[in-house]
Structures are given as C-alpha cells and as structure tokens.
Amino acid sequence: MPSLFDPFSSRGLTLPHRIVVSPMCQYSSHDGFANDWHLVHLGSRAVGGAALVITEATAVTAQGRISPQDLGIYTDAHVEMLQRIVRFVHAQGSAAGMQLAHAGRKGSTQVPWEGHSGIAPTDGGWIPVGPTPAPFSETFPVPHALHPSEIRGIVGAFRDAAVRAHNAGFDMIELHAAHGYLIHEFLSPLTNTRHRRVRRLVREPHPSLSRSRRHGARGVNERSPVWLRISATDWIEGGWDVDEAVELARRVRARGVDLIDCSSGGLAMSQRIALGPGYQVPFAERIRREAGVATGAVGLITSAKQADAIVREGKADCVLLAREMLRDPYFPLHAAQNWASPSRAGSVLARRSGRCTARQARGD
C-alpha cells in the first residue's frame, strides 16, 4: 500500500503526496469576488507544502451562495483575481482546485459569527431555492420550490462555472453534493419529496452530477479530474445512508467522476452525529472497497501518523484537512520534517526551494 508521502494520480493530475487542503468557507467576499484574503488563505497553505489546495464552496449563481459574503464564479469578471491566486499556488509547487456549489435552501443566511438566521431580500438577501418549499429551520428563509426548467438552468450554471474555473487555471474541480446544500437536498428522501424521478438513483444519478460532469468539466479538459464531495449519511433514521452513497459512487464513477470526497451530515437540525477521531473514515473505506472508486477521507484527522495509517491501510487514497490546516498551515512540511522518513519527505521539503511541482497535462 502507498504511504501519505507517495505520489497520487487522479486522471491527468499527479500530486507529489496525499495531503489536500479541504474546502473551507471564508465568508470574506463582496459580490462573489475573491480578494487578498483568499490569496493569503489559499496561498499560505500552498507555501506550507499542501499537494492540492481547494477553494471554499464557490457559488455557481448569486442565488446559490450561502451568505452574501460567499465566493462566487457566476460571472466572467470573477476570473481575473482567481487567476492571480492560481498563479501563486502553482508557483509554490501545489495544484489548485475549485469546489463548485449551490447552497439551495441553506442560502441567504448570516455569516456564522453574526447569527444563524436568514437574510431578507430587503436587507441584501434573496429567496433561496430547493426541491420543496420546506426551510432548513424555523430561522432560515422559506425556499422557492424549483421547477424542472429551473433545475436545467442550474445545471447550465454548473457547466458555465466549470468553464470559468478552467479559464482561471484550476487543475481540478470538485462538485459539492454534501452538507445539506442543493445537490444533497435532491439526493435525500427527507428533502426531495417532489422530484421522484431524481430519486431513482439506481437507474440515473441526479442530473446536476451527470450533466455537470459531462457538459462542464469534462467538456473543457478531458484530463482534468473531477471529484465529488458527498454526505455519506444524513445521520437521521429514514434519510440518505451509506448504502445509497455506495450505489451513487458506482454510478457517478461510470460517468467520469474520479474521486469521492466522503463527508457526512448537514441536511437537517435533527441529525445525531457520532463524533470522534476519523469518524468519517469508515465511509471512505467502504465506498472505496464496494464502489471501486478512489476516495478521500475527511473529518477530525489531526496528525500525520493518523493520516498515514488511513492511506497505508487502504481506507482512502488521500486525506483532506481543514481545521488542522487552520491550526498549522505548514502541516505538510512539519509532518515531512518530523515524522516521515527522509526518502518519503523529500518531495515535500523540496518545495522550500521550488523544486517540486504538481504535474498536469492541461491540454492548453
């Protein structure tokens, strides 16, 4: 089995090791534009030796933002600053990824440090959308129930966003289908009670997954990997579960998804999550084994020893770190210096002199 510091290839992208910066909401944009905050947030993790740095959930429409301060890629004007960020990340020897997202019924809300309520259109918010008019909670806005033609419009927005991400220079794309946001809302029987056809996953995955993959990212560059973040379970009786997640992984793998990023929860306030170190790793392990697709593990992974064991034991192909990368932006370098063998650490430590690069045949 490979180790944490062995290379990892995902379609046309080869990473020098398997430590990835997980998407983390920053709530620091204005009208969806990236700025110096994002340059420093993403750039510092690249300087710290991450193999791949992935942006926060980046909205494919203005209405698809979680908050008015979310990052977006729903207009061509967003591309210029993103290009600057990608250039800096690449200069540090890291690959750059973008997570494309639509918040669905969890949109038009306050930034977390100001509260957990919806924002009215008169106060700079908007009417969110979802499979049904049921809100996420009593303090969240009542969403507009999407019609089929509106769903097709959102699929087109994912496609357009994928083109913009390519034009900005990103090496890969991750589609966000987790944490109770729009695609997850269509997948779960607890939130999708109208669009029964979409729930027939055994025969056809959700259109946002298959069509965005086919018409968007893969249409831009056949060698660019596309990953899919899912909630492997709703943590609610009668909700989306790991059996369905395995079946979804099989279906989207056949349609060109290269890796399943295995998270969980976020759909409803009634969830009961069994927290603990590496609590979501078993989902990555089972999906990898039963669906025959590469997986990424995420959630309370806090040490290099723990991360290396996940990879060595075949539980996942890479690890995606969030809070640990906030605590220590230089986690990969420190792990290589203090824990890995010299032969394994070389590719990471070489970043300090710029000798290590993420390699990809972009097809430009």
# chains A, B, ... in the order shown; residues from 1 in each chain; ligands from 1
call {"tool": "residues_around", "arguments": {"residues": "Arg253 of chain A", "least_positions_apart": "5", "cutoff": "8 Å", "atoms": "only C-alpha atoms", "output": "ChimeraX atom specification"}}
result
/A:258-259,293
call {"tool": "residues_around", "arguments": {"residues": "Gly292 of chain A", "least_positions_apart": "2", "cutoff": "12 Å", "atoms": "only C-alpha atoms", "output": "list of chain:residue names"}}
result
A:Val246, A:Glu247, A:Leu248, A:Ala249, A:Arg250, A:Arg251, A:Val252, A:Arg253, A:Ala254, A:Val257, A:Asp258, A:Leu259, A:Ile260, A:Ala284, A:Glu285, A:Arg286, A:Ile287, A:Arg288, A:Arg289, A:Glu290, A:Ala294, A:Thr295, A:Ala316, A:Asp317
call {"tool": "write_last_selection", "arguments": {"atoms": "C-alpha atoms", "output": "mmCIF file, in the first residue's frame"}}
result
data_model
loop_
_atom_site.group_PDB
_atom_site.id
_atom_site.type_symbol
_atom_site.label_atom_id
_atom_site.label_comp_id
_atom_site.auth_asym_id
_atom_site.auth_seq_id
_atom_site.Cartn_x
_atom_site.Cartn_y
_atom_site.Cartn_z
ATOM 1 C CA VAL A 246 -22.120 3.384 -2.359
ATOM 2 C CA GLU A 247 -24.618 2.995 -5.191
ATOM 3 C CA LEU A 248 -24.281 6.656 -6.144
ATOM 4 C CA ALA A 249 -20.486 6.290 -6.173
ATOM 5 C CA ARG A 250 -20.733 3.330 -8.561
ATOM 6 C CA ARG A 251 -22.981 5.284 -10.924
ATOM 7 C CA VAL A 252 -21.002 8.518 -10.996
ATOM 8 C CA ARG A 253 -17.728 6.615 -11.387
ATOM 9 C CA ALA A 254 -19.135 5.190 -14.620
ATOM 10 C CA VAL A 257 -16.161 11.153 -11.506
ATOM 11 C CA ASP A 258 -12.612 10.396 -10.385
ATOM 12 C CA LEU A 259 -12.801 10.529 -6.581
ATOM 13 C CA ILE A 260 -15.475 10.581 -3.879
ATOM 14 C CA ALA A 284 -14.397 6.416 2.622
ATOM 15 C CA GLU A 285 -13.155 2.879 3.237
ATOM 16 C CA ARG A 286 -16.460 1.207 2.379
ATOM 17 C CA ILE A 287 -17.150 3.322 -0.708
ATOM 18 C CA ARG A 288 -13.602 2.693 -1.971
ATOM 19 C CA ARG A 289 -13.981 -1.049 -1.453
ATOM 20 C CA GLU A 290 -17.524 -1.575 -2.721
ATOM 21 C CA ALA A 294 -10.840 6.448 -5.304
ATOM 22 C CA THR A 295 -11.885 8.173 -2.098
ATOM 23 C CA ALA A 316 -8.718 6.183 1.426
ATOM 24 C CA ASP A 317 -6.419 7.411 -1.320
#
call {"tool": "residues_around", "arguments": {"residues": "segment 114-116 of chain A", "least_positions_apart": "5", "cutoff": "12 Å", "atoms": "only C-alpha atoms", "output": "list in words"}}
result
Tyr27, Ile66, Ser67, Lys106, Gly107, Ser108, Thr109, Phe136, Ser137, Glu138, Thr139, Phe140 and Pro141 of chain A
call {"tool": "closest_atom_pairs", "arguments": {"of": "segment 89-144 of chain A", "to": "segment 167-189 of chain A", "cutoff": "7 Å", "atoms": "only C-alpha atoms", "output": "Markdown table"}}
result
| residue | atom | partner | partner_atom | distance |
| --- | --- | --- | --- | --- |
| A:Ala95 | CA | A:Asp171 | CA | 6.2 |
| A:Ala96 | CA | A:Phe170 | CA | 5.2 |
| A:Gly97 | CA | A:Met172 | CA | 4.8 |
| A:Met98 | CA | A:Ile173 | CA | 5.0 |
| A:Gln99 | CA | A:Glu174 | CA | 4.5 |
| A:Leu100 | CA | A:Leu175 | CA | 5.1 |
| A:Ala101 | CA | A:His176 | CA | 5.1 |
| A:His102 | CA | A:Leu182 | CA | 5.6 |
| A:Ala103 | CA | A:Tyr181 | CA | 4.5 |
| A:Gly104 | CA | A:Leu182 | CA | 4.0 |
| A:Arg105 | CA | A:Leu182 | CA | 6.9 |
| A:Lys106 | CA | A:Tyr181 | CA | 6.4 |
| A:Gly130 | CA | A:Leu182 | CA | 6.4 |
| A:Pro131 | CA | A:Phe186 | CA | 6.3 |
call {"tool": "closest_residue", "arguments": {"among": "A:Ala120, A:Val242, A:Ala62, A:Leu15", "to": "Pro225 of chain A", "atoms": "only C-alpha atoms"}}
result
A:Leu15
call {"tool": "closest_residue", "arguments": {"among": "A:Gln26, A:Thr132, A:Ser94, A:Gln271", "to": "Asn192 of chain A", "atoms": "only C-alpha atoms"}}
result
A:Thr132
call {"tool": "closest_residue", "arguments": {"among": "A:Ala46, A:Ala335, A:Ile151, A:Leu52", "to": "Thr14 of chain A", "atoms": "only C-alpha atoms"}}
result
A:Leu52
call {"tool": "atom_distance", "arguments": {"atom1": "atom CA of Ile236 of chain A", "atom2": "atom CA of Ser270 of chain A"}}
result
7.0 Å
call {"tool": "residues_around", "arguments": {"residues": "Val21 of chain A", "least_positions_apart": "2", "cutoff": "9 Å", "atoms": "only C-alpha atoms", "output": "PDB file with N, CA and C atoms, in the first residue's frame"}}
result
ATOM      1  N   ILE A  19      -1.684  14.863   0.940  1.00  0.00           N
ATOM      2  CA  ILE A  19      -2.288  15.811   1.886  1.00  0.00           C
ATOM      3  C   ILE A  19      -2.920  16.945   1.092  1.00  0.00           C
ATOM      4  N   PRO A  23     -11.921  22.202   1.257  1.00  0.00           N
ATOM      5  CA  PRO A  23     -12.647  23.472   1.131  1.00  0.00           C
ATOM      6  C   PRO A  23     -13.116  23.982   2.489  1.00  0.00           C
ATOM      7  N   MET A  24     -12.909  25.273   2.729  1.00  0.00           N
ATOM      8  CA  MET A  24     -13.324  25.902   3.987  1.00  0.00           C
ATOM      9  C   MET A  24     -13.950  27.254   3.693  1.00  0.00           C
ATOM     10  N   LEU A  42      -5.429  30.656   0.797  1.00  0.00           N
ATOM     11  CA  LEU A  42      -5.056  29.537  -0.063  1.00  0.00           C
ATOM     12  C   LEU A  42      -3.552  29.497  -0.308  1.00  0.00           C
ATOM     13  N   ARG A  45      -1.325  28.000   2.552  1.00  0.00           N
ATOM     14  CA  ARG A  45      -1.345  26.529   2.637  1.00  0.00           C
ATOM     15  C   ARG A  45      -0.514  25.904   1.517  1.00  0.00           C
ATOM     16  N   ALA A  46      -0.451  26.585   0.376  1.00  0.00           N
ATOM     17  CA  ALA A  46       0.437  26.102  -0.682  1.00  0.00           C
ATOM     18  C   ALA A  46       1.893  26.267  -0.266  1.00  0.00           C
ATOM     19  N   ALA A  50       1.119  21.857   0.941  1.00  0.00           N
ATOM     20  CA  ALA A  50      -0.030  21.045   0.534  1.00  0.00           C
ATOM     21  C   ALA A  50       0.119  20.597  -0.916  1.00  0.00           C
ATOM     22  N   ALA A  51      -0.284  19.373  -1.193  1.00  0.00           N
ATOM     23  CA  ALA A  51      -0.215  18.879  -2.567  1.00  0.00           C
ATOM     24  C   ALA A  51      -1.272  19.530  -3.441  1.00  0.00           C
ATOM     25  N   LEU A  52      -2.438  19.771  -2.869  1.00  0.00           N
ATOM     26  CA  LEU A  52      -3.575  20.343  -3.590  1.00  0.00           C
ATOM     27  C   LEU A  52      -4.317  21.250  -2.630  1.00  0.00           C
ATOM     28  N   VAL A  53      -4.636  22.447  -3.085  1.00  0.00           N
ATOM     29  CA  VAL A  53      -5.393  23.416  -2.300  1.00  0.00           C
ATOM     30  C   VAL A  53      -6.723  23.656  -3.007  1.00  0.00           C
ATOM     31  N   ILE A  54      -7.836  23.407  -2.311  1.00  0.00           N
ATOM     32  CA  ILE A  54      -9.158  23.546  -2.917  1.00  0.00           C
ATOM     33  C   ILE A  54      -9.873  24.744  -2.302  1.00  0.00           C
ATOM     34  N   THR A  55     -10.478  25.553  -3.142  1.00  0.00           N
ATOM     35  CA  THR A  55     -11.205  26.727  -2.671  1.00  0.00           C
ATOM     36  C   THR A  55     -12.404  26.318  -1.816  1.00  0.00           C
ATOM     37  N   VAL A 319      -6.060  12.315   2.092  1.00  0.00           N
ATOM     38  CA  VAL A 319      -6.759  12.921   3.220  1.00  0.00           C
ATOM     39  C   VAL A 319      -6.952  14.402   2.927  1.00  0.00           C
ATOM     40  N   LEU A 320      -8.113  14.916   3.311  1.00  0.00           N
ATOM     41  CA  LEU A 320      -8.417  16.333   3.146  1.00  0.00           C
ATOM     42  C   LEU A 320      -8.526  16.945   4.540  1.00  0.00           C
ATOM     43  N   LEU A 321      -7.659  17.912   4.810  1.00  0.00           N
ATOM     44  CA  LEU A 321      -7.580  18.520   6.134  1.00  0.00           C
ATOM     45  C   LEU A 321      -8.121  19.941   6.100  1.00  0.00           C
ATOM     46  N   ALA A 322      -8.889  20.301   7.120  1.00  0.00           N
ATOM     47  CA  ALA A 322      -9.447  21.645   7.227  1.00  0.00           C
ATOM     48  C   ALA A 322      -8.953  22.313   8.508  1.00  0.00           C
ATOM     49  N   MET A 325      -5.315  22.344   9.144  1.00  0.00           N
ATOM     50  CA  MET A 325      -4.576  23.264   8.288  1.00  0.00           C
ATOM     51  C   MET A 325      -4.784  24.714   8.711  1.00  0.00           C
TER      52      MET A 325
END
call {"tool": "select_by_dssp", "arguments": {"residues": "segment 64-156 of chain A", "states": "helix (DSSP H, G or I)", "output": "count of residues only"}}
result
35
call {"tool": "residues_around", "arguments": {"residues": "Ala161 of chain A", "least_positions_apart": "4", "cutoff": "8 Å", "atoms": "only C-alpha atoms", "output": "ChimeraX atom specification"}}
result
/A:60,73-74,100,157,165,216
call {"tool": "write_last_selection", "arguments": {"atoms": "N, CA and C atoms", "output": "mmCIF file, in the first residue's frame"}}
result
data_model
loop_
_atom_site.group_PDB
_atom_site.id
_atom_site.type_symbol
_atom_site.label_atom_id
_atom_site.label_comp_id
_atom_site.auth_asym_id
_atom_site.auth_seq_id
_atom_site.Cartn_x
_atom_site.Cartn_y
_atom_site.Cartn_z
ATOM 1 N N VAL A 60 -22.142 28.875 -8.026
ATOM 2 C CA VAL A 60 -22.290 28.923 -9.478
ATOM 3 C C VAL A 60 -23.335 29.937 -9.908
ATOM 4 N N ILE A 73 -18.374 32.263 -8.740
ATOM 5 C CA ILE A 73 -17.777 32.202 -10.079
ATOM 6 C C ILE A 73 -18.916 32.193 -11.091
ATOM 7 N N TYR A 74 -19.852 33.113 -10.895
ATOM 8 C CA TYR A 74 -21.042 33.186 -11.730
ATOM 9 C C TYR A 74 -21.002 34.328 -12.743
ATOM 10 N N LEU A 100 -17.197 23.657 -6.737
ATOM 11 C CA LEU A 100 -18.373 24.336 -7.285
ATOM 12 C C LEU A 100 -19.599 23.924 -6.476
ATOM 13 N N ALA A 157 -25.597 26.462 -15.118
ATOM 14 C CA ALA A 157 -24.722 27.334 -14.336
ATOM 15 C C ALA A 157 -23.490 26.577 -13.851
ATOM 16 N N ALA A 165 -13.734 28.198 -14.278
ATOM 17 C CA ALA A 165 -12.671 27.648 -13.431
ATOM 18 C C ALA A 165 -11.481 27.213 -14.278
ATOM 19 N N GLY A 216 -19.804 20.032 -18.500
ATOM 20 C CA GLY A 216 -18.966 21.061 -17.911
ATOM 21 C C GLY A 216 -17.510 20.717 -17.928
#
call {"tool": "atom_distance", "arguments": {"atom1": "atom CA of Leu326 of chain A", "atom2": "atom CA of His41 of chain A"}}
result
9.0 Å
